[in-house]
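A.B. asks: Before I ask anything, let me first share the structure, which is written out below as C-alpha cells.
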Amino acid sequence: MKIYAVGGYNEVGKNMTVVNVEGDSIVIDNGIRIDVLQMYDLEPEAMRVAEQKKRLAEVGAIPNMAGVEGNILAQVISHGHLDHIGAVGINNLNVPLFATPYASAIGRRISPESKFNPTQYKKIVQINNIGIEFVEVTHSIPQASIVVLHTKEGNVVYANDFKLDDASNIAKVDYGRLKEIGKEGVKTFITESLNAHEKGKTPSESVAARNVEDTIKFADDSGGLTIVSTFSTHIERLKTIFETAHRLNKKVVVMGKSLISNLKSAEDLSLIKISKDIKFIRKINSVMDLLKSIENKKEEYLIIATGHQGEEHSVLSKIVNSDFKFDKNDSVIFSSNVIPTATNIANREILEAKFKANKVKIFRDVHVSGHASKEEHRRMINLLNPEIIIPSHGTTKMKGAYMDLACEEGYKINKNLFILNNGDKIEI
Ligand SMILES: [Zn+2]
C-alpha cells in the first residue's frame, strides 16, 4: 500500500490524501486554503475558470497532485468544510465522488458537474477491491465522518476532522463501529492534529450553546441591535442562535449567501427546522435597505451575518463600512474562533477596530472548537489500535504535538509513526 500526502500536511487547509493499493487509488478529500484565497483576493465564485485554476495552484491554495500515481477509482470526501471539499470543481478528477448527504449537497452546489453519490453511514460501497465506509463522528458540521477504506492489505482509517462530543444535539460518535474496526485491524491510521497540543478534552458543543445563549441575552439587555456571526455550516450552533432569539422574542434576519445556502441544504435533509418567521437576505443592497428600515427599532432584531473572519466581501465588513448608524447599545457577537493564519488574524483585527470606532460592543470567542484535544486523540488510538499512524491536517508544530502523544502510547518515529510533508509518499 502506498500513501501520498498531497495537501494539508504542512498547513491548516487544502486537505488531500491518496491511498494506492495494487495500482488502484482512492483520493480522500480535495480542499482549498481559504486564507490564501483572501490573501490574493481570489473570488471563490470564479475559481473554476481555467486561468484561475493555474493561479490557485501557483499560490498554493489547492492540493498539488504532481507525483500521484495509480488508476484513480473514486474520490471520497470526509465532510463538507471547504478545506476538505472546496477544490472538487478545480482539481476535477472526473471519477465518482462519495460523501455523506450533507457534504454531497455542499459539493453539488460548489461544483454542479461533479458526480456526487450521497452515502449513508454503516454502508460499505465496493469499488473494485476497495470498500469505502463512512463512520459517524462529531465535528462542527452535520454528518462528518471518519473514512474507512477496506483493502486487501488491511484497513485504512482517515479521521480528518473530528472531536469526541458525547453531548451533541445533532450527531454522535459511533464508538461501537470504531471498536469493531479496531478489532478487525487497522493497518494505517491517518489523523488530524490541529488541537493535539491542547491538554484534556475539547468542551462539548452543548457548552458553547449555554455560552451563546448567555451572551445573546446579555447583549440584548443593552437594548440595541444584536449581530451574531458564526461558521455557515455550523448548523448546531445556528440552531442554538435561532432558539435563543425565539425565546427573547426577537425577529431573526439571516444575511449572506453561504449562510443561506448551507441552512437550506440542512433543512432539505431535515437536519434543522427553520421557522417561517426567519427572513433571509442574500443581496447586499437588500441588507442595507433592511438596516435603514429598522434604524428606529433595532432592539427588536437579531441579525445573523457572514464575516467573522473579517472577509472583505462578507456582510459584516460591508455593514461596518456603510453609513448605517451604530451606537453604544449595539453588539457584535463572534461565535467563532479566529482561524490561526496571518491573513485571518489581520482581517479580523481590522474588522473589530471598525466596530470599536462605531462604539459597538464586541464579544469574542463565544465558541468551542470542533477539533479533538490530546485525550480525545489518545482515546481514538486506543479504540483503533492501529499498526501505523500518520498525523495529518496541521502545521509541523501541530503534527509534532501529535507525535509526542503517539510516542507516549508506545509508537516509534520512523518505525510505526511517520511524519509526512506535502508531496511525500510512503510505502507500507
Ligand atoms: Zn472540518
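Starting from 1 in every chain, residues are counted up; chains themselves are A, B, ... following the order of the C-alpha cells, and ligands are numbered from 1 as listed.
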Please report, as JSON lines, each residue of chain A lying at most 9 Å from ligand 1, together with the nearest pair of atoms and the separation in Å rounded to one decimal; use only C-alpha atoms and all ligand atoms, and order rows by chain and ascending residue number.
C.D. replies:
{"residue": "A:Ser78", "atom": "CA", "partner": "ligand 1", "partner_atom_place_in_ligand_line": "1 (Zn)", "distance": 8.6}
{"residue": "A:His79", "atom": "CA", "partner": "ligand 1", "partner_atom_place_in_ligand_line": "1 (Zn)", "distance": 6.7}
{"residue": "A:Gly80", "atom": "CA", "partner": "ligand 1", "partner_atom_place_in_ligand_line": "1 (Zn)", "distance": 7.4}
{"residue": "A:His81", "atom": "CA", "partner": "ligand 1", "partner_atom_place_in_ligand_line": "1 (Zn)", "distance": 5.1}
{"residue": "A:Leu82", "atom": "CA", "partner": "ligand 1", "partner_atom_place_in_ligand_line": "1 (Zn)", "distance": 7.9}
{"residue": "A:Asp83", "atom": "CA", "partner": "ligand 1", "partner_atom_place_in_ligand_line": "1 (Zn)", "distance": 7.1}
{"residue": "A:His84", "atom": "CA", "partner": "ligand 1", "partner_atom_place_in_ligand_line": "1 (Zn)", "distance": 7.0}
{"residue": "A:His139", "atom": "CA", "partner": "ligand 1", "partner_atom_place_in_ligand_line": "1 (Zn)", "distance": 6.8}
{"residue": "A:Ser140", "atom": "CA", "partner": "ligand 1", "partner_atom_place_in_ligand_line": "1 (Zn)", "distance": 6.7}
{"residue": "A:Ile141", "atom": "CA", "partner": "ligand 1", "partner_atom_place_in_ligand_line": "1 (Zn)", "distance": 7.3}
{"residue": "A:Ala144", "atom": "CA", "partner": "ligand 1", "partner_atom_place_in_ligand_line": "1 (Zn)", "distance": 8.0}
{"residue": "A:Asn160", "atom": "CA", "partner": "ligand 1", "partner_atom_place_in_ligand_line": "1 (Zn)", "distance": 7.2}
{"residue": "A:Asp161", "atom": "CA", "partner": "ligand 1", "partner_atom_place_in_ligand_line": "1 (Zn)", "distance": 4.9}
{"residue": "A:Phe162", "atom": "CA", "partner": "ligand 1", "partner_atom_place_in_ligand_line": "1 (Zn)", "distance": 7.3}
{"residue": "A:Gly370", "atom": "CA", "partner": "ligand 1", "partner_atom_place_in_ligand_line": "1 (Zn)", "distance": 7.4}
{"residue": "A:His371", "atom": "CA", "partner": "ligand 1", "partner_atom_place_in_ligand_line": "1 (Zn)", "distance": 7.8}
A.B. asks: Write out as a VMD selection string each polymer residue whose atoms come within 10 Å of Lys122 in chain A, counting only C-alpha atoms; drop sequence neighbours fewer than 6 positions from it.
C.D. replies: chain A and resid 133 to 136 174 177
A.B. asks: If you run DSSP on this backbone, which residues of range 67-156 of chain A come out as helix (DSSP H, G or I), and could you give them as a PyMOL selection string?
C.D. replies: chain A and resi 82-85+101-110
A.B. asks: How would the residues just chosen look if you wrote them out with C-alpha atoms as a JSON list (two decimals), in the first residue's frame?
C.D. replies:
[["chain", "number", "residue", "atom", "x", "y", "z"],
["A", 82, "LEU", "CA", -14.24, 23.87, 2.27],
["A", 83, "ASP", "CA", -10.75, 22.87, 3.36],
["A", 84, "HIS", "CA", -11.87, 19.29, 2.59],
["A", 85, "ILE", "CA", -14.29, 19.74, -0.32],
["A", 101, "PRO", "CA", -25.70, 13.51, 2.11],
["A", 102, "TYR", "CA", -24.91, 16.92, 3.68],
["A", 103, "ALA", "CA", -21.37, 17.02, 2.28],
["A", 104, "SER", "CA", -22.77, 15.90, -1.09],
["A", 105, "ALA", "CA", -25.29, 18.77, -1.06],
["A", 106, "ILE", "CA", -22.49, 21.26, -0.43],
["A", 107, "GLY", "CA", -20.31, 19.61, -3.08],
["A", 108, "ARG", "CA", -23.03, 19.71, -5.72],
["A", 109, "ARG", "CA", -23.55, 23.40, -5.08],
["A", 110, "ILE", "CA", -19.89, 24.38, -5.42]]
A.B. asks: Could you pull out the residues in range 152-248 of chain A that DSSP calls strand (DSSP E) from the backbone, as a ChimeraX atom specification?
C.D. replies: /A:154-159,186-192,226-230
A.B. asks: Fewer than 6 positions away in the same chain doesn't count, so skip those; otherwise give me all residues within 6 Å of Lys374 in chain A, counting only C-alpha atoms, as an NGL selection string.
C.D. replies: :A and (196 or 198-200)
A.B. asks: What lies within 7 Å of Gly182 in chain A using only C-alpha atoms, ignoring chain neighbours under 5 positions off, as a ChimeraX atom specification?
C.D. replies: /A:383-385
A.B. asks: Convert the current residue selection to file output with C-alpha atoms, as a CSV table (one decimal), in the first residue's frame.
C.D. replies:
chain,number,residue,atom,x,y,z
A,383,LEU,CA,-10.1,2.4,20.1
A,384,LEU,CA,-8.5,1.6,16.8
A,385,ASN,CA,-5.1,0.2,18.0
A.B. asks: At a cut-off of 8 Å, using only C-alpha atoms, what residues contact Ala406 in chain A? Leave out same-chain residues fewer than 5 positions from it and give the result as a ChimeraX atom specification.
C.D. replies: /A:378,411-412,417
A.B. asks: Taking into account only C-alpha atoms, which residue in the set A:Arg282, A:Lys361, A:Arg55, A:Lys397 is nearest to Met255 in chain A?
C.D. replies: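 Residue with the minimum atom-to-atom distance to Met255 in chain A: A:Arg282.
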A.B. asks: Compare A:Val228, A:Ile413, A:Val36, A:Ile181 by their minimum atom-to-atom distance to Glu58 in chain A, counting only C-alpha atoms, and give me the closest one.
C.D. replies: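 Closest residue, counting only C-alpha atoms: A:Val36.
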A.B. asks: Just how far from CA of Ser204 in chain A is CA of Tyr301 in chain A, in Å to one decimal?
C.D. replies: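 Calculated distance between CA of Tyr301 in chain A and CA of Ser204 in chain A is 28.3 Å.
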A.B. asks: Counting only C-alpha atoms, figure out which residue out of A:Ser229, A:Thr100, A:Asn422, A:Asn249 gets nearest to Val338 in chain A.
C.D. replies: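 With only C-alpha atoms as the atom set, the closest residue is A:Ser229.
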A.B. asks: Identify which of the residues A:Glu409, A:Asp330, A:Glu300, A:Glu180 lies closest to Ile381 in chain A, counting only C-alpha atoms when measuring atom-to-atom distances.
C.D. replies: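 Of the candidates, the smallest distance to Ile381 in chain A is held by A:Glu409.
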A.B. asks: In Å, rounded to a single decimal, give me how far CA of Lys2 in chain A is from CA of Asn20 in chain A.
C.D. replies: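 Taking CA of Asn20 in chain A and CA of Lys2 in chain A, their separation equals 5.0 Å.
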A.B. asks: Env of Ala219 in chain A: 10 Å cut, atoms = only C-alpha atoms, seq-sep filter 2 positions within chain, self excluded. Answer as a VMD selection string.
C.D. replies: chain A and resid 214 to 217 221 to 227 329 to 333 361 to 363
A.B. asks: Write to file, as an mmCIF file, in the first residue's frame, the residues of the selection just made, with C-alpha atoms.
C.D. replies:
data_model
loop_
_atom_site.group_PDB
_atom_site.id
_atom_site.type_symbol
_atom_site.label_atom_id
_atom_site.label_comp_id
_atom_site.auth_asym_id
_atom_site.auth_seq_id
_atom_site.Cartn_x
_atom_site.Cartn_y
_atom_site.Cartn_z
ATOM 1 C CA ASP A 214 -25.970 33.702 27.901
ATOM 2 C CA THR A 215 -24.077 36.158 25.677
ATOM 3 C CA ILE A 216 -27.059 36.928 23.421
ATOM 4 C CA LYS A 217 -29.231 37.604 26.499
ATOM 5 C CA ASP A 221 -30.120 43.813 27.811
ATOM 6 C CA SER A 222 -28.418 46.866 26.258
ATOM 7 C CA GLY A 223 -31.498 47.464 24.114
ATOM 8 C CA GLY A 224 -29.630 47.846 20.820
ATOM 9 C CA LEU A 225 -29.046 45.795 17.696
ATOM 10 C CA THR A 226 -27.562 42.323 18.194
ATOM 11 C CA ILE A 227 -25.491 40.826 15.402
ATOM 12 C CA ASN A 329 -26.113 49.896 22.665
ATOM 13 C CA ASP A 330 -25.324 47.673 19.685
ATOM 14 C CA SER A 331 -23.392 44.417 19.963
ATOM 15 C CA VAL A 332 -21.474 42.083 17.681
ATOM 16 C CA ILE A 333 -21.015 38.514 18.918
ATOM 17 C CA LYS A 361 -19.717 46.234 21.957
ATOM 18 C CA ILE A 362 -17.671 43.219 20.871
ATOM 19 C CA PHE A 363 -17.976 39.682 22.266
#
A.B. asks: Using only C-alpha atoms, can you tell me which of A:Pro142, A:Pro386, A:Pro96, A:Gly13 comes closest to Leu238 in chain A?
C.D. replies: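 For Leu238 in chain A, the nearest of the candidates is A:Pro142.
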